[in-house]
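Heads up: the structure comes next, in structure tokens.
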Amino acid sequence: MTDIDEAIARAHREEWARVVATLARRFGDLDIAEEMAAEAFAAAVERWPADGVPPNPGGWLTTTAHRKAIDRLRREVRRAEKHKEALMLSDTPEPLGAIDDDRLRLVFTCCHPALAMEVRVALTLRMVGGLTVPEIARAFLVQETAMGQRITRAKAKIKAARIPYRVPSRADLPARITGVLAVLFLIFNEGYLASDPDKGAVRGDLTAEAIRLARLICALMPADGEVAGLLALMLLTEARRAARVSASGELVALDEQDRGAWDRSRIAEGHALVRTRLAAGQAPGRYQILAAINAVHTDARDVRDTDWSQIVALYDQLVRLDPSPIVRLNRAIAVAELDGPEVALAQVDGLPLAGYHAFHATRASLLRRLGRSKESRAAYDRAIDLSGNTAETAYLIRRRDQLAGP
Amino acid sequence: MVQYLMSVLTDTPDLSTPAEQAAIDVFNEQLQADGYWVFAGGLASPGTATVVDGRDGEPVFTDGPYVESKEYLIGFWIVNAPDLDAALRLAAAGSKSCNRRVELRPFLAND
């Protein structure tokens, strides 16, 4: 990669959302914003190698996109003879400072609750993340045309139904932030544990993108604890990625992972975020609690050093916020380490999770530890049937086949 | 300002209860006081509908609704709202007042 290529790639990473967001506000139209941002980057690819990288790439891109948008609107206006719109357009540059708010507006628009979750995900990756439609389609194993239509329909709905381009009012903000974080977490999880067997176990492009978006939103809303919590949770999870799948493509459980392969810099960053949240002294939300649980795990040099009582205490906190069966299942896994598999199994058995692979995998593991091989084998069989992830299936099959004969 | 259609959906032939009707009246008065109100009305059951096709020669009349479905339109509001967030709040309050689901849909903008 040449210096120019690198400068263009960096500008794309750092400036795409800013250019789209600024244009979306100026022209009140996501379509124009997206297309003109793409044209401005195409112009950069064409011009920067000859003219050199401008001193302020973001400013250059925004100005270029803005001019292209005005040219296009003027052409359309001439065609449609709509003088009214032409009069409203001007070349005056925007004052600095409003720009960050534009990116936030863009995020909240793309993650609006009136849009279906899959639509929010696609729109956020395109508009805020700057991924191309083919890239998003590949990441979610959807046909390119179908993904293109999904995004086009979303933009049409935003326009026709007047989904507002603004940061929600204070009263709506907590619920809407939760919605934004759910989109980011879904993108992350889709990359981390692909549910489709053909997609491969881990798709680092999506986890990296989710972390990048979380960093952006964290920078835009530094006072929000849950945003920081989600970023910390993603960093601490991502830090273990290399150790999580073996060379043969099998999932490696936490207790068997090579902790030397964990990414220390991500862990340090995640721990720092968790410490900052603890120091803030506010009641933590679920992402902050999950981040704290992961901080305890990544704090232990060996699985035997893990502070399980701390982890169970954090799960108790989480159960109070979210008493769902999946949270109680995860709590029981920690209880097994603290109070033994028998106590844990009693808690797991009553949970209404018969269709969930992790429920059966957990039961299988607890039954194995209790020496109840036959029941354990049946539970592994059930978990293998329900698991859609190749790496996880390979792990479950190995564990099942290690069981003593029936 | 955009106009939105708030369609009230139901899956029972039962008319609204007196309590629901009272809540709807309160909601309507609030819509009018806040300047959102355009129009509203309740509809007779789908069985009373006639589909009319006047496109070609003599009009053809067909007894019954154009589509039979478990859930159907039983009433509607038309409101003026500045954007979808405002309209969603109105639709949520409307749904609560009549105790039924509401479909919110923008009118085509004429600008």
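Chain lettering (A, B, ...) mirrors the order of the structure tokens, residue numbering begins at 1 for each chain separately, and ligand numbering begins at 1 in order of display.
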Identify all chain A residues at most 10 Å from chain B by counting only C-alpha atoms; ligands do not count. Present them as a ChimeraX atom specification. /A:112-114,157-165,168-169,172
Dump of N, CA and C atoms for the selected residues, as an mmCIF file, in the first residue's frame:
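Output saved as result_15.cif:
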data_model
loop_
_atom_site.group_PDB
_atom_site.id
_atom_site.type_symbol
_atom_site.label_atom_id
_atom_site.label_comp_id
_atom_site.auth_asym_id
_atom_site.auth_seq_id
_atom_site.Cartn_x
_atom_site.Cartn_y
_atom_site.Cartn_z
ATOM 1 N N HIS A 112 -33.217 3.815 14.352
ATOM 2 C CA HIS A 112 -34.557 4.204 14.816
ATOM 3 C C HIS A 112 -35.420 2.969 15.063
ATOM 4 N N PRO A 113 -36.188 2.973 16.174
ATOM 5 C CA PRO A 113 -36.977 1.784 16.519
ATOM 6 C C PRO A 113 -38.093 1.467 15.515
ATOM 7 N N ALA A 114 -38.434 2.407 14.635
ATOM 8 C CA ALA A 114 -39.465 2.101 13.638
ATOM 9 C C ALA A 114 -38.893 1.281 12.484
ATOM 10 N N LYS A 157 -38.218 4.809 3.603
ATOM 11 C CA LYS A 157 -39.111 4.928 4.764
ATOM 12 C C LYS A 157 -38.730 6.119 5.626
ATOM 13 N N ILE A 158 -37.430 6.299 5.836
ATOM 14 C CA ILE A 158 -36.968 7.425 6.648
ATOM 15 C C ILE A 158 -37.492 8.732 6.065
ATOM 16 N N LYS A 159 -37.451 8.819 4.751
ATOM 17 C CA LYS A 159 -37.872 10.043 4.076
ATOM 18 C C LYS A 159 -39.395 10.204 4.126
ATOM 19 N N ALA A 160 -40.121 9.158 3.738
ATOM 20 C CA ALA A 160 -41.579 9.265 3.620
ATOM 21 C C ALA A 160 -42.253 9.373 4.983
ATOM 22 N N ALA A 161 -41.757 8.614 5.957
ATOM 23 C CA ALA A 161 -42.398 8.617 7.277
ATOM 24 C C ALA A 161 -41.838 9.723 8.163
ATOM 25 N N ARG A 162 -40.846 10.460 7.651
ATOM 26 C CA ARG A 162 -40.213 11.563 8.397
ATOM 27 C C ARG A 162 -39.593 11.084 9.706
ATOM 28 N N ILE A 163 -38.758 10.099 9.606
ATOM 29 C CA ILE A 163 -37.956 9.751 10.776
ATOM 30 C C ILE A 163 -36.999 10.912 10.986
ATOM 31 N N PRO A 164 -37.058 11.564 12.148
ATOM 32 C CA PRO A 164 -36.322 12.821 12.307
ATOM 33 C C PRO A 164 -34.811 12.608 12.375
ATOM 34 N N TYR A 165 -34.081 13.607 11.916
ATOM 35 C CA TYR A 165 -32.624 13.563 11.920
ATOM 36 C C TYR A 165 -32.155 14.368 13.127
ATOM 37 N N PRO A 168 -32.427 12.184 20.074
ATOM 38 C CA PRO A 168 -33.740 12.146 20.728
ATOM 39 C C PRO A 168 -33.805 13.048 21.957
ATOM 40 N N SER A 169 -35.030 13.390 22.319
ATOM 41 C CA SER A 169 -35.235 14.232 23.498
ATOM 42 C C SER A 169 -34.765 13.492 24.745
ATOM 43 N N ASP A 172 -36.655 10.448 25.821
ATOM 44 C CA ASP A 172 -36.538 9.248 24.991
ATOM 45 C C ASP A 172 -35.125 8.687 24.965
#
Looking only at the backbone, which of the residues in chain B does DSSP tag as strand (DSSP E), as a PyMOL selection string? chain B and resi 2-10+37-42+50-53+60-63+72-81+101-106
What lies within 10 Å of A:Arg103 using only C-alpha atoms, ignoring chain neighbours under 2 positions off, as JSON, numbers by chain? {"A": [16, 17, 18, 19, 20, 21, 22, 24, 25, 98, 99, 100, 101, 105, 106, 107, 108, 109, 127, 128, 166, 167, 216, 217, 220]}
Select, from B:Asn80, B:Pro18, B:Asp53, B:Gly47, the residue with the minimum atom-to-atom distance to B:Val67, counting only C-alpha atoms.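 Closest to B:Val67 of all the choices is B:Gly47.
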Option closest in space to A:Gly179, from A:Asp385, A:Asp316, A:Glu226, A:Asp102 [counting only C-alpha atoms]: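 Among A:Asp385, A:Asp316, A:Glu226, A:Asp102, it is A:Glu226 that comes nearest to A:Gly179.
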Quick one: pick out all alpha helix (DSSP H) residues within stretch 139-199 of chain A from a backbone DSSP run and write them as an NGL selection string. :A and (139 or 144-160 or 173-192)
Quick one: residues within 8 Å of A:Leu403, only C-alpha atoms, excluding same-chain residues fewer than 3 positions away - as a list in words?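 Neighbouring residues, sequence-local ones excluded: Arg368, Ser373, Arg377, Arg399 and Arg400 of chain A.
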